[in-house]
$ cat run.pdb   # PDB, N, CA and C atoms
ATOM      1  N   MET A1044     -64.278  -5.132  -3.135
ATOM      2  CA  MET A1044     -63.072  -5.014  -3.930
ATOM      3  C   MET A1044     -61.959  -5.794  -3.237
ATOM      4  N   GLY A1045     -61.280  -6.656  -3.991
ATOM      5  CA  GLY A1045     -60.215  -7.484  -3.437
ATOM      6  C   GLY A1045     -58.931  -6.703  -3.209
ATOM      7  N   TRP A1046     -58.038  -7.313  -2.466
ATOM      8  CA  TRP A1046     -56.771  -6.661  -2.142
ATOM      9  C   TRP A1046     -55.951  -6.361  -3.390
ATOM     10  N   GLU A1047     -56.039  -7.254  -4.402
ATOM     11  CA  GLU A1047     -55.254  -7.032  -5.627
ATOM     12  C   GLU A1047     -55.727  -5.788  -6.381
ATOM     13  N   HIS A1048     -57.034  -5.472  -6.284
ATOM     14  CA  HIS A1048     -57.549  -4.256  -6.916
ATOM     15  C   HIS A1048     -57.090  -3.016  -6.156
ATOM     16  N   GLN A1049     -57.055  -3.114  -4.858
ATOM     17  CA  GLN A1049     -56.601  -1.984  -4.043
ATOM     18  C   GLN A1049     -55.118  -1.696  -4.280
ATOM     19  N   ILE A1050     -54.314  -2.748  -4.370
ATOM     20  CA  ILE A1050     -52.882  -2.541  -4.605
ATOM     21  C   ILE A1050     -52.649  -2.000  -6.013
ATOM     22  N   ALA A1051     -53.457  -2.447  -6.978
ATOM     23  CA  ALA A1051     -53.332  -1.921  -8.342
ATOM     24  C   ALA A1051     -53.650  -0.434  -8.381
ATOM     25  N   LYS A1052     -54.647  -0.002  -7.627
ATOM     26  CA  LYS A1052     -54.975   1.426  -7.545
ATOM     27  C   LYS A1052     -53.812   2.222  -6.950
ATOM     28  N   GLU A1053     -53.173   1.662  -5.929
ATOM     29  CA  GLU A1053     -52.030   2.345  -5.307
ATOM     30  C   GLU A1053     -50.873   2.490  -6.293
ATOM     31  N   PHE A1054     -50.588   1.419  -7.034
ATOM     32  CA  PHE A1054     -49.526   1.503  -8.036
ATOM     33  C   PHE A1054     -49.863   2.522  -9.112
ATOM     34  N   LYS A1055     -51.104   2.576  -9.512
ATOM     35  CA  LYS A1055     -51.529   3.539 -10.535
ATOM     36  C   LYS A1055     -51.330   4.967 -10.042
ATOM     37  N   LYS A1056     -51.597   5.201  -8.758
ATOM     38  CA  LYS A1056     -51.392   6.535  -8.182
ATOM     39  C   LYS A1056     -49.919   6.917  -8.176
ATOM     40  N   ARG A1057     -49.052   5.957  -7.912
ATOM     41  CA  ARG A1057     -47.631   6.237  -7.714
ATOM     42  C   ARG A1057     -46.803   6.179  -8.976
ATOM     43  N   ASP A1058     -47.255   5.526 -10.004
ATOM     44  CA  ASP A1058     -46.442   5.317 -11.194
ATOM     45  C   ASP A1058     -46.906   6.176 -12.366
ATOM     46  N   ASN A1059     -47.299   7.387 -12.077
ATOM     47  CA  ASN A1059     -47.744   8.266 -13.149
ATOM     48  C   ASN A1059     -46.544   8.855 -13.877
ATOM     49  N   PRO A1060     -46.627   8.957 -15.200
ATOM     50  CA  PRO A1060     -45.519   9.575 -15.935
ATOM     51  C   PRO A1060     -45.402  11.048 -15.572
ATOM     52  N   GLN A1061     -44.172  11.527 -15.567
ATOM     53  CA  GLN A1061     -43.946  12.930 -15.256
ATOM     54  C   GLN A1061     -43.523  13.664 -16.516
ATOM     55  N   ASN A1062     -44.063  14.835 -16.697
ATOM     56  CA  ASN A1062     -43.625  15.707 -17.771
ATOM     57  C   ASN A1062     -42.794  16.811 -17.141
ATOM     58  N   TYR A1063     -41.575  16.937 -17.583
ATOM     59  CA  TYR A1063     -40.658  17.897 -17.012
ATOM     60  C   TYR A1063     -40.677  19.183 -17.827
ATOM     61  N   ALA A1064     -40.673  20.322 -17.134
ATOM     62  CA  ALA A1064     -40.511  21.595 -17.826
ATOM     63  C   ALA A1064     -39.106  21.608 -18.430
ATOM     64  N   TYR A1065     -38.152  21.173 -17.647
ATOM     65  CA  TYR A1065     -36.788  20.944 -18.101
ATOM     66  C   TYR A1065     -36.125  20.035 -17.072
ATOM     67  N   PHE A1066     -35.017  19.477 -17.423
ATOM     68  CA  PHE A1066     -34.208  18.729 -16.479
ATOM     69  C   PHE A1066     -32.757  18.998 -16.824
ATOM     70  N   THR A1067     -31.860  18.654 -15.936
ATOM     71  CA  THR A1067     -30.453  18.944 -16.178
ATOM     72  C   THR A1067     -29.660  17.665 -16.364
ATOM     73  N   GLY A1068     -28.525  17.821 -16.983
ATOM     74  CA  GLY A1068     -27.613  16.706 -17.182
ATOM     75  C   GLY A1068     -26.184  17.183 -17.118
ATOM     76  N   ASP A1069     -25.298  16.293 -16.751
ATOM     77  CA  ASP A1069     -23.871  16.599 -16.685
ATOM     78  C   ASP A1069     -23.191  16.074 -17.936
ATOM     79  N   VAL A1070     -22.486  16.943 -18.629
ATOM     80  CA  VAL A1070     -21.786  16.544 -19.846
ATOM     81  C   VAL A1070     -20.533  15.760 -19.446
ATOM     82  N   LEU A1071     -20.416  14.540 -19.955
ATOM     83  CA  LEU A1071     -19.260  13.685 -19.683
ATOM     84  C   LEU A1071     -18.248  13.721 -20.809
ATOM     85  N   SER A1072     -18.728  13.988 -22.016
ATOM     86  CA  SER A1072     -17.888  13.965 -23.195
ATOM     87  C   SER A1072     -18.528  14.874 -24.236
ATOM     88  N   PRO A1073     -17.802  15.570 -25.060
ATOM     89  CA  PRO A1073     -16.374  15.498 -25.336
ATOM     90  C   PRO A1073     -15.541  16.202 -24.275
ATOM     91  N   VAL A1074     -14.275  15.803 -24.226
ATOM     92  CA  VAL A1074     -13.335  16.369 -23.259
ATOM     93  C   VAL A1074     -12.444  17.364 -23.993
ATOM     94  N   PRO A1075     -12.335  18.608 -23.487
ATOM     95  CA  PRO A1075     -11.442  19.571 -24.140
ATOM     96  C   PRO A1075      -9.978  19.229 -23.871
ATOM     97  N   LYS A1076      -9.154  19.363 -24.902
ATOM     98  CA  LYS A1076      -7.729  19.074 -24.763
ATOM     99  C   LYS A1076      -6.953  20.211 -25.415
ATOM    100  N   ARG A1077      -6.018  20.778 -24.672
ATOM    101  CA  ARG A1077      -5.200  21.883 -25.199
ATOM    102  C   ARG A1077      -3.934  21.308 -25.834
ATOM    103  N   LEU A1078      -3.708  21.650 -27.086
ATOM    104  CA  LEU A1078      -2.510  21.222 -27.790
ATOM    105  C   LEU A1078      -1.345  22.136 -27.420
ATOM    106  N   PRO A1079      -0.106  21.713 -27.680
ATOM    107  CA  PRO A1079       1.058  22.544 -27.337
ATOM    108  C   PRO A1079       1.039  23.946 -27.957
ATOM    109  N   ASP A1080       0.403  24.082 -29.119
ATOM    110  CA  ASP A1080       0.355  25.407 -29.749
ATOM    111  C   ASP A1080      -0.773  26.290 -29.199
ATOM    112  N   GLY A1081      -1.529  25.771 -28.194
ATOM    113  CA  GLY A1081      -2.595  26.550 -27.565
ATOM    114  C   GLY A1081      -3.981  26.286 -28.128
ATOM    115  N   THR A1082      -4.057  25.548 -29.218
ATOM    116  CA  THR A1082      -5.337  25.210 -29.823
ATOM    117  C   THR A1082      -6.081  24.224 -28.934
ATOM    118  N   ILE A1083      -7.380  24.406 -28.811
ATOM    119  CA  ILE A1083      -8.194  23.480 -28.025
ATOM    120  C   ILE A1083      -8.993  22.594 -28.975
ATOM    121  N   ILE A1084      -8.870  21.280 -28.769
ATOM    122  CA  ILE A1084      -9.673  20.334 -29.547
ATOM    123  C   ILE A1084     -10.586  19.597 -28.564
ATOM    124  N   TYR A1085     -11.652  19.004 -29.085
ATOM    125  CA  TYR A1085     -12.628  18.291 -28.261
ATOM    126  C   TYR A1085     -12.639  16.837 -28.691
ATOM    127  N   GLU A1086     -12.327  15.949 -27.745
ATOM    128  CA  GLU A1086     -12.217  14.529 -28.046
ATOM    129  C   GLU A1086     -13.407  13.757 -27.502
ATOM    130  N   GLY A1087     -13.994  12.936 -28.352
ATOM    131  CA  GLY A1087     -15.068  12.046 -27.940
ATOM    132  C   GLY A1087     -16.433  12.507 -28.420
ATOM    133  N   PRO A1088     -17.380  11.573 -28.428
ATOM    134  CA  PRO A1088     -18.757  11.898 -28.808
ATOM    135  C   PRO A1088     -19.470  12.611 -27.665
ATOM    136  N   THR A1089     -20.581  13.229 -27.957
ATOM    137  CA  THR A1089     -21.368  13.894 -26.922
ATOM    138  C   THR A1089     -22.094  12.842 -26.084
ATOM    139  N   ILE A1090     -21.856  12.880 -24.765
ATOM    140  CA  ILE A1090     -22.524  11.993 -23.813
ATOM    141  C   ILE A1090     -22.925  12.832 -22.615
ATOM    142  N   ILE A1091     -24.198  12.748 -22.235
ATOM    143  CA  ILE A1091     -24.722  13.508 -21.104
ATOM    144  C   ILE A1091     -25.380  12.539 -20.121
ATOM    145  N   SER A1092     -25.004  12.660 -18.856
ATOM    146  CA  SER A1092     -25.555  11.831 -17.791
ATOM    147  C   SER A1092     -26.706  12.582 -17.123
ATOM    148  N   CYS A1093     -27.863  11.919 -16.989
ATOM    149  CA  CYS A1093     -29.046  12.537 -16.373
ATOM    150  C   CYS A1093     -29.569  11.648 -15.253
ATOM    151  N   PHE A1094     -30.305  12.263 -14.332
ATOM    152  CA  PHE A1094     -30.948  11.539 -13.244
ATOM    153  C   PHE A1094     -29.945  10.662 -12.491
ATOM    154  N   GLU A1095     -28.843  11.314 -12.077
ATOM    155  CA  GLU A1095     -27.791  10.670 -11.286
ATOM    156  C   GLU A1095     -27.225   9.423 -11.964
ATOM    157  N   GLY A1096     -27.055   9.477 -13.259
ATOM    158  CA  GLY A1096     -26.466   8.384 -14.010
ATOM    159  C   GLY A1096     -27.438   7.330 -14.479
ATOM    160  N   ALA A1097     -28.723   7.469 -14.182
ATOM    161  CA  ALA A1097     -29.713   6.473 -14.607
ATOM    162  C   ALA A1097     -29.913   6.487 -16.120
ATOM    163  N   ILE A1098     -29.699   7.643 -16.743
ATOM    164  CA  ILE A1098     -29.864   7.768 -18.189
ATOM    165  C   ILE A1098     -28.613   8.393 -18.768
ATOM    166  N   MET A1099     -28.101   7.800 -19.836
ATOM    167  CA  MET A1099     -26.977   8.362 -20.573
ATOM    168  C   MET A1099     -27.479   8.718 -21.966
ATOM    169  N   LEU A1100     -27.461   9.996 -22.268
ATOM    170  CA  LEU A1100     -27.908  10.469 -23.578
ATOM    171  C   LEU A1100     -26.704  10.591 -24.496
ATOM    172  N   ARG A1101     -26.827  10.047 -25.680
ATOM    173  CA  ARG A1101     -25.749  10.121 -26.671
ATOM    174  C   ARG A1101     -26.189  11.017 -27.818
ATOM    175  N   SER A1102     -25.251  11.358 -28.657
ATOM    176  CA  SER A1102     -25.494  12.359 -29.698
ATOM    177  C   SER A1102     -26.640  12.001 -30.638
ATOM    178  N   ASP A1103     -26.937  10.708 -30.841
ATOM    179  CA  ASP A1103     -28.030  10.341 -31.743
ATOM    180  C   ASP A1103     -29.402  10.700 -31.182
ATOM    181  N   ARG A1104     -29.510  10.993 -29.891
ATOM    182  CA  ARG A1104     -30.774  11.372 -29.246
ATOM    183  C   ARG A1104     -30.840  12.863 -28.912
ATOM    184  N   LEU A1105     -29.802  13.610 -29.277
ATOM    185  CA  LEU A1105     -29.719  15.001 -28.856
ATOM    186  C   LEU A1105     -29.846  15.985 -30.016
ATOM    187  N   LEU A1106     -30.591  17.018 -29.783
ATOM    188  CA  LEU A1106     -30.650  18.174 -30.671
ATOM    189  C   LEU A1106     -29.991  19.302 -29.890
ATOM    190  N   GLN A1107     -29.287  20.201 -30.578
ATOM    191  CA  GLN A1107     -28.537  21.213 -29.851
ATOM    192  C   GLN A1107     -28.806  22.609 -30.363
ATOM    193  N   ILE A1108     -28.912  23.537 -29.425
ATOM    194  CA  ILE A1108     -28.860  24.952 -29.756
ATOM    195  C   ILE A1108     -27.399  25.317 -29.573
ATOM    196  N   PRO A1109     -26.718  25.763 -30.622
ATOM    197  CA  PRO A1109     -25.282  26.037 -30.502
ATOM    198  C   PRO A1109     -24.983  27.117 -29.466
ATOM    199  N   LYS A1110     -23.839  26.980 -28.844
ATOM    200  CA  LYS A1110     -23.378  28.000 -27.914
ATOM    201  C   LYS A1110     -22.972  29.242 -28.712
ATOM    202  N   ALA A1111     -23.058  30.392 -28.091
ATOM    203  CA  ALA A1111     -22.755  31.656 -28.763
ATOM    204  C   ALA A1111     -21.321  31.718 -29.273
ATOM    205  N   ASP A1112     -20.382  31.089 -28.543
ATOM    206  CA  ASP A1112     -18.978  31.149 -28.959
ATOM    207  C   ASP A1112     -18.601  30.067 -29.965
ATOM    208  N   GLY A1113     -19.552  29.208 -30.334
ATOM    209  CA  GLY A1113     -19.317  28.187 -31.348
ATOM    210  C   GLY A1113     -18.654  26.923 -30.842
ATOM    211  N   THR A1114     -18.301  26.857 -29.568
ATOM    212  CA  THR A1114     -17.681  25.649 -29.027
ATOM    213  C   THR A1114     -18.763  24.640 -28.639
ATOM    214  N   PRO A1115     -18.423  23.361 -28.643
ATOM    215  CA  PRO A1115     -19.424  22.366 -28.241
ATOM    216  C   PRO A1115     -19.599  22.349 -26.722
ATOM    217  N   TYR A1116     -20.703  21.787 -26.276
ATOM    218  CA  TYR A1116     -20.878  21.534 -24.849
ATOM    219  C   TYR A1116     -19.851  20.470 -24.488
ATOM    220  N   CYS A1117     -19.135  20.652 -23.379
ATOM    221  CA  CYS A1117     -18.047  19.729 -23.084
ATOM    222  C   CYS A1117     -18.050  19.301 -21.618
ATOM    223  N   ALA A1118     -17.212  18.320 -21.335
ATOM    224  CA  ALA A1118     -17.136  17.707 -19.995
ATOM    225  C   ALA A1118     -16.986  18.776 -18.918
ATOM    226  N   GLY A1119     -17.737  18.580 -17.834
ATOM    227  CA  GLY A1119     -17.692  19.507 -16.716
ATOM    228  C   GLY A1119     -18.822  20.519 -16.705
ATOM    229  N   GLU A1120     -19.559  20.629 -17.793
ATOM    230  CA  GLU A1120     -20.676  21.567 -17.852
ATOM    231  C   GLU A1120     -21.975  20.861 -17.468
ATOM    232  N   THR A1121     -22.884  21.617 -16.879
ATOM    233  CA  THR A1121     -24.232  21.133 -16.606
ATOM    234  C   THR A1121     -25.149  21.848 -17.583
ATOM    235  N   VAL A1122     -25.952  21.082 -18.308
ATOM    236  CA  VAL A1122     -26.812  21.660 -19.336
ATOM    237  C   VAL A1122     -28.286  21.483 -18.987
ATOM    238  N   ALA A1123     -29.092  22.426 -19.468
ATOM    239  CA  ALA A1123     -30.544  22.330 -19.338
ATOM    240  C   ALA A1123     -31.062  21.571 -20.557
ATOM    241  N   LEU A1124     -31.936  20.603 -20.326
ATOM    242  CA  LEU A1124     -32.448  19.740 -21.382
ATOM    243  C   LEU A1124     -33.965  19.823 -21.436
ATOM    244  N   LEU A1125     -34.503  19.777 -22.651
ATOM    245  CA  LEU A1125     -35.949  19.791 -22.855
ATOM    246  C   LEU A1125     -36.346  18.531 -23.601
ATOM    247  N   GLY A1126     -37.428  17.916 -23.179
ATOM    248  CA  GLY A1126     -37.915  16.709 -23.827
ATOM    249  C   GLY A1126     -38.428  15.733 -22.793
ATOM    250  N   HIS A1127     -38.833  14.581 -23.251
ATOM    251  CA  HIS A1127     -39.377  13.555 -22.366
ATOM    252  C   HIS A1127     -38.418  12.359 -22.378
ATOM    253  N   PRO A1128     -37.553  12.240 -21.370
ATOM    254  CA  PRO A1128     -36.539  11.183 -21.397
ATOM    255  C   PRO A1128     -37.085   9.777 -21.233
ATOM    256  N   PHE A1129     -38.332   9.635 -20.795
ATOM    257  CA  PHE A1129     -38.900   8.309 -20.566
ATOM    258  C   PHE A1129     -39.971   7.946 -21.590
ATOM    259  N   ASP A1130     -40.008   8.645 -22.712
ATOM    260  CA  ASP A1130     -41.005   8.382 -23.744
ATOM    261  C   ASP A1130     -40.779   6.988 -24.319
ATOM    262  N   ARG A1131     -41.843   6.237 -24.459
ATOM    263  CA  ARG A1131     -41.728   4.848 -24.937
ATOM    264  C   ARG A1131     -42.045   4.706 -26.417
ATOM    265  N   GLN A1132     -42.390   5.803 -27.068
ATOM    266  CA  GLN A1132     -42.708   5.728 -28.491
ATOM    267  C   GLN A1132     -41.423   5.756 -29.314
ATOM    268  N   ALA A1133     -41.471   5.110 -30.461
ATOM    269  CA  ALA A1133     -40.306   5.101 -31.339
ATOM    270  C   ALA A1133     -39.963   6.522 -31.760
ATOM    271  N   GLY A1134     -38.722   6.886 -31.593
ATOM    272  CA  GLY A1134     -38.273   8.221 -31.966
ATOM    273  C   GLY A1134     -38.700   9.314 -31.017
ATOM    274  N   GLY A1135     -39.314   8.955 -29.896
ATOM    275  CA  GLY A1135     -39.838   9.947 -28.978
ATOM    276  C   GLY A1135     -38.827  10.498 -28.000
ATOM    277  N   GLN A1136     -37.647   9.931 -27.973
ATOM    278  CA  GLN A1136     -36.661  10.369 -26.999
ATOM    279  C   GLN A1136     -35.667  11.355 -27.593
ATOM    280  N   GLN A1137     -36.142  12.282 -28.391
ATOM    281  CA  GLN A1137     -35.289  13.352 -28.884
ATOM    282  C   GLN A1137     -35.248  14.438 -27.822
ATOM    283  N   ILE A1138     -34.077  14.761 -27.342
ATOM    284  CA  ILE A1138     -33.885  15.708 -26.258
ATOM    285  C   ILE A1138     -33.131  16.921 -26.795
ATOM    286  N   LEU A1139     -33.595  18.100 -26.443
ATOM    287  CA  LEU A1139     -32.971  19.340 -26.880
ATOM    288  C   LEU A1139     -32.061  19.873 -25.784
ATOM    289  N   ILE A1140     -30.806  20.134 -26.138
ATOM    290  CA  ILE A1140     -29.888  20.814 -25.219
ATOM    291  C   ILE A1140     -30.169  22.297 -25.382
ATOM    292  N   ALA A1141     -30.767  22.911 -24.359
ATOM    293  CA  ALA A1141     -31.160  24.319 -24.448
ATOM    294  C   ALA A1141     -30.008  25.250 -24.143
ATOM    295  N   GLY A1142     -29.040  24.794 -23.387
ATOM    296  CA  GLY A1142     -27.891  25.629 -23.054
ATOM    297  C   GLY A1142     -27.293  25.227 -21.726
ATOM    298  N   VAL A1143     -26.244  25.920 -21.352
ATOM    299  CA  VAL A1143     -25.580  25.655 -20.079
ATOM    300  C   VAL A1143     -26.480  26.161 -18.964
ATOM    301  N   ALA A1144     -26.700  25.305 -17.970
ATOM    302  CA  ALA A1144     -27.568  25.664 -16.842
ATOM    303  C   ALA A1144     -26.725  26.307 -15.751
ATOM    304  N   GLN A1145     -27.138  27.488 -15.328
ATOM    305  CA  GLN A1145     -26.441  28.183 -14.247
ATOM    306  C   GLN A1145     -27.441  28.528 -13.169
ATOM    307  N   HIS A1146     -27.095  28.243 -11.947
ATOM    308  CA  HIS A1146     -27.932  28.576 -10.808
ATOM    309  C   HIS A1146     -29.330  27.955 -10.924
ATOM    310  N   VAL A1147     -29.385  26.688 -11.327
ATOM    311  CA  VAL A1147     -30.656  25.993 -11.465
ATOM    312  C   VAL A1147     -31.110  25.527 -10.095
ATOM    313  N   VAL A1148     -32.357  25.793  -9.755
ATOM    314  CA  VAL A1148     -32.894  25.377  -8.462
ATOM    315  C   VAL A1148     -33.581  24.052  -8.635
TER     316      VAL A1148
END

$ encode --input "run.pdb" --output "structure tokens"
Amino acid sequence: MGWEHQIAKEFKKRDNPQNYAYFTGDVLSPVPKRLPDGTIIYEGPTIISCFEGAIMLRSDRLLQIPKADGTPYCAGETVALLGHPFDRQAGGQQILIAGVAQHVV
């Protein structure tokens, strides 16, 4: 077996796709803004940063379980996400926001 076959085997061992039980992301947008009358509005589209900024998920790729209080997920929250962020099939990158992640190990 030539060296190129051995190196190909090594790459195959190391480049296996990973299936995540869940992963987390930091919500960058929308940003909550308090109006003078005390009303809170949310400005901007939903954007979530995952894998230390390597992936930015936008609202067209996200499905959401609504929060109990009816407010959107907003900047500063860390959310638990379900799905396969590296899926290469058309339409395969639909990610579900399961909720706010607290004390995630």

$ select_by_dssp --input "run.pdb" --residues "chain A" --states "helix (DSSP H, G or I)" --output "count of residues only"
15

$ closest_residue --input "run.pdb" --among "A:Ile1140, A:Thr1067, A:Glu1120, A:Trp1046" --to "Gln1107 of chain A" --atoms "all atoms listed in the file"
A:Ile1140

$ resolve_selection --input "run.pdb" --expression "the PyMOL selection byres (((chain A and resi 1089-1097 and name CA) around 8) and name CA)" --output "MDAnalysis selection string"
chainID A and resid 1067:1073 1087:1088 1098:1102 1116:1117

$ closest_residue --input "run.pdb" --among "A:Pro1079, A:Val1074, A:Gln1049, A:Gln1145" --to "Gly1119 of chain A" --atoms "only N, CA and C atoms"
A:Val1074

$ atom_distance --input "run.pdb" --atom1 "atom CA of Tyr1085 of chain A" --atom2 "atom N of Asp1103 of chain A"
16.4 Å

$ residues_near_point --input "run.pdb" --point "(-38.5, 20.8, -30.2)" --cutoff "8 Å" --atoms "all atoms listed in the file" --output "MDAnalysis selection string"
chainID A and resid 1125:1126 1137:1139

$ select_by_dssp --input "run.pdb" --residues "chain A" --states "strand (DSSP E or B)" --output "VMD selection string"
chain A and resid 1066 to 1077 1083 to 1093 1098 to 1101 1105 to 1107 1121 to 1125 1138 to 1143

$ atom_distance --input "run.pdb" --atom1 "atom CA of Ala1064 of chain A" --atom2 "atom CA of Asp1112 of chain A"
26.1 Å

$ atom_distance --input "run.pdb" --atom1 "atom CA of Gly1142 of chain A" --atom2 "atom CA of Ala1118 of chain A"
13.7 Å

$ axis_aligned_box --input "run.pdb" --around "segment 1083-1095 of chain A" --padding-each-side "8 Å" --output "AutoDock Vina command-line options"
--center_x -19.2 --center_y 16.9 --center_z -20.4 --size_x 39.6 --size_y 31.0 --size_z 34.3
